[in-house]
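Data block below; observations after.
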Amino acid sequence: MDVVTPNLDAKPGRIYLYKRYERFWHWSQALLVLTMLATGFEIHGSYQLLGFEPAVRLHTLAAWALLTLWAFTIFWQFTTGEWRQYLPTHKKVVAMAVYYGWGMFRGAPHPFHKTVQKKHNPLQRLAYLALLAMISPLIWGSGLLYLFRAVWPELGIDRWLTLEWVAWAHTAGAFLMLAFVVVHVYLTTTGHTLTAHIKAMITGWDEVPEDV
Amino acid sequence: MAQPRQGGDGPCKALIRGVGTLLWVFASIASAWSASPLPTTGATPQEALAKAPGPGKSTADHSKFKELQGPFKTGSDVTKACLSCHTEAAKQVMSTRHWTWEYTNPDTGQKLGKKTMLNSFCIGDRSNEAFCQSCHVGYGWKDDKFDFHAESKVDCLVCHHTGGYKKPAGMAGEVPTERTELPPGSGKFIDPVDLAMVAQHIGKTSTATCGSCHYNGGGGDGVKHGDLDSSLDRATPELDVHMASKASGGAGFTCATCHQADGHQIAGSRISMTAADPHGPILRGDTVHAGRNAATCQSCHGDKPHRQPSLAVGLLNNHTSKLACQSCHIPSFARGGITTKMGWDWSTAGRLSPQGKPIQVKDDKGHVIYDSKKGDFKLGENVVPDYVWFNGKVTYTTQEDKIDPTRVVKVNTFHGGPDDPDARIWPVKRFEGQQPYDKQHLQLLVPHTATPDDTAFWFNFDWPKALKAGAEATGKPFSGDYGFVKTEMLWPITHMVAPAKDVVACASCHTSAAQSRLGDLPGVYLPGRDHHPWVDRLGWLAVLGAAAGVLVHALARVMNHIRHGKGH
């Protein structure tokens with residue numbers, strides 16, 4: 001795997017963690033996911049915001065946009081080797097849990113130090129893997145079936161599947177995604193300052209706290 | 001490997017530019033998406049059905065025919081003249097329901113047609129023939145002695161005249177050829193029809209000729225159907241995109257443009273409907289689809305009529321597997337300024353003025369809502385239809401059937417359900433009646449009402465007499481013990497097709513069952529209306545659980561920070 005060559009912006013106590021494409025991917029994906037949550041729950045009938053028809057239109061567009069984004073991102077992950085960031089590890093998982101549940105209140109040091117090679121802590125790796133391996137397939141599987149409802153008869157799908165089941169699965173996936181977003185956003189505040197993680201995801205540079 | 005740029009163009013700006021690019025891509029797709037979809041594929045039906053030559057383009061000028069110079073003493077004399085050239089025309093007409101008023105339901109064997117069917121309006125034709133039969137396509141059917149094999153009794157002019165021809169109710173379909181007092185002794189006179197003039201100017205059928213009967217079912221303009229009334233003769237495109245004249249922006253259709261006749265057999269009937277027509281448009285020379293009903297929407301538009309960007313993956317067209325076209329494209333009926341009857345209560349008929357005269361009560365718009373002859377009416381305008389699953393098969397409660405007077409009697413029943421491949425969700429007019437029945441025999445009764453004699457209800461206001469006369473004419477027993485039972489009748493809504501801009505909005509159905517046009521109609525999963533209660537309960541529990549956990553954690557951090565100034 002390539003190593004980022006330090007450049008002129010590099011200073012002691014800073015590492016360049018999130019590359020430009022990665023940040024573009026993250027934020028555009030965030031925008032699309034939030035759009036799809038907002039429009040999706042409107043389509044579901046939870047509230048009225050844009051109106052049903054515009055919500056359907058935007059939801060479908062965002063789905064295509066996210067599919068496109070993922071196509072590029074999967075390519076990027078494999079060409080850069082960044083996909084390894086999502087491999088789970090059992091090391092320090094317990095330590096991380098103890099830190100969140102106890103240590104951080106006592107001022108204990110963070111048990112994990114980010115490096116360019118390992119930018120996610122072990123709990124993060126597990127969470128993202130769960131997102132990738134469970135929530136995403138649930139949402140995308142049901143979502144694509146939903147989107148391609150018109151071709152079910154040609155493929156014989158309507159002989160064994162009803163829209164009801166697809167809708168239920170899709171809704172369940174949406175709830176899980178929403179729960180993920182809630183926790184994910186909260187955990188951005190657990191850096192050495194409240195906004196440290198967010199800053200890093202915007203600029204790419206992660207500041208290493210001085211006491212470490 | 002991406003590297004942060006040097007100098008003024010920092011990573012922040014790069015990110016903003018990236019997001020900007022993405023937004024631009026979305027915007028481009030969005031604008032392509034919202035390009036207004038055309039209602040049809042390929043050639044528009046307007047182009048495909050370029051109007052047939054009018055009278056001006058006909059190769060025959062009937063006014064030059066010596067056979068038609070007249071004078072004609074009777075309508076039958078005109079018919080004989082027509083048949084001297086159009087030798088098979090009468091035979092063709094006599095094989096249709098326009099002539100026989102008879103129909104045997106192929107699914108049930110039930111004998112139907114106007115001769116025997118009942119409705120919740122004027123109820124039945126028997127004993128009132130001279131009145132009702134003014135809409136029979138013949139001359140002189142006033143009782144059961146009428147000869148249904150006499151070709152000269154076929155009335156060619158009533159459908160093919162282009163003006164100046166009128167057959168008043170009460171003359172059994174005869175045409176007045178001299179000044180006639182009608183009803184006799186009433187002091188009201190009807191002008192004679194100039195048969196030679198009318199015969200020399202015949203032409204194709206028109207909305208006016210079809211409408212002279214079909215608009216007026218149930219005793220007046222728009223009464224019965226709700227989607228058929230004389231406003232269609234001068235339709236704006238907003239009222240009916242097809243029937244509005246080309247000058248006004250419509251397609252200039254007449255009834256026969258869709259209800260195409262083949263040897264006088266006319267396509268499309270409410271007694272035996274084509275509820276689903278999952279095929280492409282019928283093309284000239286098409287043998288694959290031979291025998292299809294020419295009057296369906298799909299016969300021109302096909303079953304995939306919506307043009308949408310490919311990103312939508314046939315979203316709108318997919319609706320055609322569950323919905324009739326009419327469900328979305330006819331947002332409401334009785335839209336042309338003419339009311340339709342939504343309810344008719346015969347039980348209150350017969351109330352007279354203190355002087356013993358029949359009365360009428362009008363609402364503040366001048367519409368009759370009570371008539372001594374008929375009872376109370378409920379009227380409707382711009383009525384949002386009800387929606388039912390319908391496979392095209394209809395059965396009727398006839399006088400052969402026993403009824404349960406404790407329940408609403410369904411005068412007709414629309415069949416079909418969500419699992420029926422021939423069924424679609426259809427818009428209907430749900431009409432509420434209240435009409436006489438025999439309490440001993442538990443059968444619906446036909447009252448004798450319309451032709452002046454000493455038993456007709458409209459002239460004597462005497463129920464027992466009128467019901468007895470009606471029972472005798474229909475060959476049914478009458479115990480003398482009668483009451484009024486609540487009835488219901490459904491009418492398919494299929495005319496008054498609105499332009500695309502006025503189509504039923506998605507959210508009119510895709511909303512809570514309380515607000516949805518489809519209510520809680522089963523058999524479809526309707527996003528926006530339907531959900532699985534446990535998926536929603538557990539889902540919100542998961543989200544609220546996550547939020548609560550996060551909140552508790554955050555609070556603990558805040559408290560800890562205040563107390564110890566430690567931690568994050």
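Labeling convention for the structure tokens: chains A, B, ... as they appear, residues from 1 per chain, ligands from 1 in order of appearance.
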
Name the residues in contact with region 212-226 of chain B at a cut-off of 6 Å, using only C-alpha atoms, excluding same-chain residues fewer than 5 positions from it; report them as an mmCIF file with C-alpha atoms, in the first residue's frame.
data_model
loop_
_atom_site.group_PDB
_atom_site.id
_atom_site.type_symbol
_atom_site.label_atom_id
_atom_site.label_comp_id
_atom_site.auth_asym_id
_atom_site.auth_seq_id
_atom_site.Cartn_x
_atom_site.Cartn_y
_atom_site.Cartn_z
ATOM 1 C CA PHE B 121 -83.673 5.015 -11.130
ATOM 2 C CA CYS B 122 -86.913 4.539 -13.098
ATOM 3 C CA CYS B 135 -85.064 5.268 -26.993
ATOM 4 C CA PHE B 333 -67.206 12.838 -12.817
ATOM 5 C CA ALA B 334 -70.127 15.160 -13.585
ATOM 6 C CA THR B 340 -75.852 13.590 -11.765
ATOM 7 C CA LYS B 341 -78.159 11.757 -9.399
#

Interface, chain A side, toward chain B (7 Å; only C-alpha atoms) as number ranges by chain: A: 19-20, 23-24, 28, 43-45, 52-53, 104-107, 147-148, 150, 163-164, 168, 172, 175, 178-179, 182-183, 186, 190, 192, 202-203

Could the residues in this selection be written to a file with N, CA and C atoms, as a PDB file, in the first residue's frame?
ATOM      1  N   LYS A  19      -7.927  11.048   2.371  1.00  0.00           N
ATOM      2  CA  LYS A  19      -7.531  11.599   1.090  1.00  0.00           C
ATOM      3  C   LYS A  19      -8.703  12.301   0.414  1.00  0.00           C
ATOM      4  N   ARG A  20      -8.378  13.047  -0.611  1.00  0.00           N
ATOM      5  CA  ARG A  20      -9.387  13.919  -1.198  1.00  0.00           C
ATOM      6  C   ARG A  20     -10.607  13.133  -1.681  1.00  0.00           C
ATOM      7  N   ARG A  23     -12.764  11.885   1.161  1.00  0.00           N
ATOM      8  CA  ARG A  23     -13.609  12.907   1.786  1.00  0.00           C
ATOM      9  C   ARG A  23     -14.790  13.241   0.876  1.00  0.00           C
ATOM     10  N   PHE A  24     -14.528  13.357  -0.416  1.00  0.00           N
ATOM     11  CA  PHE A  24     -15.604  13.612  -1.372  1.00  0.00           C
ATOM     12  C   PHE A  24     -16.660  12.504  -1.277  1.00  0.00           C
ATOM     13  N   SER A  28     -20.430  13.251   0.118  1.00  0.00           N
ATOM     14  CA  SER A  28     -21.543  13.127  -0.847  1.00  0.00           C
ATOM     15  C   SER A  28     -22.415  11.932  -0.457  1.00  0.00           C
ATOM     16  N   ILE A  43     -42.070   8.965   1.905  1.00  0.00           N
ATOM     17  CA  ILE A  43     -42.770   7.996   1.060  1.00  0.00           C
ATOM     18  C   ILE A  43     -43.481   6.960   1.928  1.00  0.00           C
ATOM     19  N   HIS A  44     -42.829   6.630   3.041  1.00  0.00           N
ATOM     20  CA  HIS A  44     -43.396   5.644   3.968  1.00  0.00           C
ATOM     21  C   HIS A  44     -44.666   6.174   4.634  1.00  0.00           C
ATOM     22  N   GLY A  45     -44.839   7.495   4.599  1.00  0.00           N
ATOM     23  CA  GLY A  45     -46.040   8.082   5.193  1.00  0.00           C
ATOM     24  C   GLY A  45     -45.819   8.621   6.594  1.00  0.00           C
ATOM     25  N   PHE A  52     -45.553  13.586  -1.896  1.00  0.00           N
ATOM     26  CA  PHE A  52     -45.222  12.201  -2.217  1.00  0.00           C
ATOM     27  C   PHE A  52     -44.450  12.069  -3.528  1.00  0.00           C
ATOM     28  N   GLU A  53     -44.973  12.715  -4.578  1.00  0.00           N
ATOM     29  CA  GLU A  53     -44.373  12.522  -5.895  1.00  0.00           C
ATOM     30  C   GLU A  53     -42.941  13.065  -5.973  1.00  0.00           C
ATOM     31  N   MET A 104     -13.184   7.059  29.241  1.00  0.00           N
ATOM     32  CA  MET A 104     -13.209   8.435  28.771  1.00  0.00           C
ATOM     33  C   MET A 104     -13.735   9.387  29.834  1.00  0.00           C
ATOM     34  N   PHE A 105     -14.502   8.836  30.811  1.00  0.00           N
ATOM     35  CA  PHE A 105     -14.996   9.684  31.901  1.00  0.00           C
ATOM     36  C   PHE A 105     -13.902   9.945  32.929  1.00  0.00           C
ATOM     37  N   ARG A 106     -12.938   9.044  32.966  1.00  0.00           N
ATOM     38  CA  ARG A 106     -11.847   9.167  33.941  1.00  0.00           C
ATOM     39  C   ARG A 106     -10.638   9.859  33.340  1.00  0.00           C
ATOM     40  N   GLY A 107     -10.727  10.266  32.126  1.00  0.00           N
ATOM     41  CA  GLY A 107      -9.596  10.929  31.492  1.00  0.00           C
ATOM     42  C   GLY A 107      -8.522   9.966  31.040  1.00  0.00           C
ATOM     43  N   LEU A 147     -37.265  -0.820  -6.905  1.00  0.00           N
ATOM     44  CA  LEU A 147     -37.067   0.044  -8.083  1.00  0.00           C
ATOM     45  C   LEU A 147     -37.395  -0.694  -9.379  1.00  0.00           C
ATOM     46  N   PHE A 148     -37.055  -1.961  -9.406  1.00  0.00           N
ATOM     47  CA  PHE A 148     -37.255  -2.734 -10.639  1.00  0.00           C
ATOM     48  C   PHE A 148     -38.538  -3.570 -10.599  1.00  0.00           C
ATOM     49  N   ALA A 150     -41.227  -3.177 -11.995  1.00  0.00           N
ATOM     50  CA  ALA A 150     -41.900  -3.327 -13.302  1.00  0.00           C
ATOM     51  C   ALA A 150     -41.395  -4.539 -14.082  1.00  0.00           C
ATOM     52  N   LEU A 163     -44.662  -7.315  -3.144  1.00  0.00           N
ATOM     53  CA  LEU A 163     -44.111  -5.988  -2.852  1.00  0.00           C
ATOM     54  C   LEU A 163     -44.120  -5.713  -1.349  1.00  0.00           C
ATOM     55  N   GLU A 164     -45.109  -6.276  -0.675  1.00  0.00           N
ATOM     56  CA  GLU A 164     -45.221  -6.112   0.762  1.00  0.00           C
ATOM     57  C   GLU A 164     -43.927  -6.481   1.482  1.00  0.00           C
ATOM     58  N   TRP A 168     -41.371  -4.079   3.513  1.00  0.00           N
ATOM     59  CA  TRP A 168     -41.065  -4.271   4.931  1.00  0.00           C
ATOM     60  C   TRP A 168     -39.549  -4.337   5.141  1.00  0.00           C
ATOM     61  N   ALA A 172     -37.277  -1.739   7.273  1.00  0.00           N
ATOM     62  CA  ALA A 172     -36.430  -2.197   8.380  1.00  0.00           C
ATOM     63  C   ALA A 172     -35.000  -1.704   8.176  1.00  0.00           C
ATOM     64  N   PHE A 175     -34.677   1.968   9.051  1.00  0.00           N
ATOM     65  CA  PHE A 175     -34.602   2.230  10.491  1.00  0.00           C
ATOM     66  C   PHE A 175     -33.193   1.964  11.016  1.00  0.00           C
ATOM     67  N   LEU A 178     -30.940   4.723   9.992  1.00  0.00           N
ATOM     68  CA  LEU A 178     -31.178   5.929  10.780  1.00  0.00           C
ATOM     69  C   LEU A 178     -30.521   5.805  12.157  1.00  0.00           C
ATOM     70  N   ALA A 179     -30.653   4.607  12.756  1.00  0.00           N
ATOM     71  CA  ALA A 179     -30.016   4.381  14.053  1.00  0.00           C
ATOM     72  C   ALA A 179     -28.499   4.520  13.921  1.00  0.00           C
ATOM     73  N   VAL A 182     -27.490   8.182  13.755  1.00  0.00           N
ATOM     74  CA  VAL A 182     -27.567   8.836  15.071  1.00  0.00           C
ATOM     75  C   VAL A 182     -26.283   8.568  15.865  1.00  0.00           C
ATOM     76  N   VAL A 183     -25.912   7.302  15.946  1.00  0.00           N
ATOM     77  CA  VAL A 183     -24.743   6.931  16.745  1.00  0.00           C
ATOM     78  C   VAL A 183     -23.461   7.461  16.088  1.00  0.00           C
ATOM     79  N   TYR A 186     -23.024  11.110  16.683  1.00  0.00           N
ATOM     80  CA  TYR A 186     -22.639  11.360  18.072  1.00  0.00           C
ATOM     81  C   TYR A 186     -21.165  11.038  18.303  1.00  0.00           C
ATOM     82  N   THR A 190     -16.393  12.483  19.930  1.00  0.00           N
ATOM     83  CA  THR A 190     -15.582  11.850  20.970  1.00  0.00           C
ATOM     84  C   THR A 190     -14.089  11.929  20.681  1.00  0.00           C
ATOM     85  N   HIS A 192     -10.434  14.277  20.537  1.00  0.00           N
ATOM     86  CA  HIS A 192      -9.803  14.991  21.656  1.00  0.00           C
ATOM     87  C   HIS A 192     -10.440  16.360  21.868  1.00  0.00           C
ATOM     88  N   ILE A 202     -13.124  16.848   7.139  1.00  0.00           N
ATOM     89  CA  ILE A 202     -13.253  17.938   6.162  1.00  0.00           C
ATOM     90  C   ILE A 202     -11.898  18.257   5.518  1.00  0.00           C
ATOM     91  N   THR A 203     -10.888  18.394   6.365  1.00  0.00           N
ATOM     92  CA  THR A 203      -9.580  18.807   5.830  1.00  0.00           C
ATOM     93  C   THR A 203      -8.720  17.624   5.431  1.00  0.00           C
TER      94      THR A 203
END

Non-local contacts of Leu132 (chain A) (10 Å; only C-alpha atoms; under 6 positions in same chain excluded) as a list in words: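 Result of the neighbour search: Tyr86, Leu126 and Leu138 of chain A.
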
Can you write out the residues you just picked, keeping C-alpha atoms, as a PDB file, in the first residue's frame?
ATOM      1  CA  TYR A  86     -12.689  -2.505   6.903  1.00  0.00           C
ATOM      2  CA  LEU A 126     -16.771  -3.736  13.304  1.00  0.00           C
ATOM      3  CA  LEU A 138     -30.765  -5.313   3.194  1.00  0.00           C
TER       4      LEU A 138
END

Shell around Gly480 (chain B) at 8 Å using only C-alpha atoms, local window under 6 positions removed, as a PyMOL selection string: chain B and resi 438+464+468

Output of the above residues as a JSON list (two decimals), in the first residue's frame, restricted to N, CA and C atoms:
[["chain", "number", "residue", "atom", "x", "y", "z"],
["B", 438, "ASP", "N", -91.85, -6.29, -2.75],
["B", 438, "ASP", "CA", -92.99, -7.02, -2.22],
["B", 438, "ASP", "C", -92.57, -7.69, -0.92],
["B", 464, "PRO", "N", -100.31, 1.10, -4.59],
["B", 464, "PRO", "CA", -100.82, -0.27, -4.83],
["B", 464, "PRO", "C", -101.26, -0.49, -6.27],
["B", 468, "LYS", "N", -99.27, -3.00, -8.80],
["B", 468, "LYS", "CA", -100.05, -4.13, -9.31],
["B", 468, "LYS", "C", -99.95, -4.17, -10.85]]

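Near Gly109 (chain B), within 12 Å and counting only C-alpha atoms, sit Tyr103, Thr104, Asn105, Val394, Thr395 and Tyr396 of chain B; same-chain residues fewer than 4 positions away were not included.
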
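Counting from CA of Thr116 (chain B), the distance to CA of Thr398 (chain B) is 7.3 Å.
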
DSSP strand (DSSP E) selection over region 460-494 of chain B, as a VMD selection string: chain B and resid 482 to 492

Distance in Å - CA of Gly268 (chain B) versus CA of Asp419 (chain B): 24.3 Å

Two-atom distance - CA of Trp76 (chain A), CA of Gln117 (chain A) (Å):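 Value for the CA of Trp76 (chain A)-CA of Gln117 (chain A) distance: 15.7 Å.
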
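In the backbone-derived DSSP annotation, helix (DSSP H, G or I) within region 439-522 of chain B comprises Phe457, Trp458, Phe459, Asn460, Trp463, Pro464, Lys465, Ala466, Leu467, Lys468, Ala469, Gly470, Ala471, Glu472, Ala473, Thr474, Ala500, Lys501, Asp502, Cys506, Ala507, Ser508 and Cys509 of chain B.
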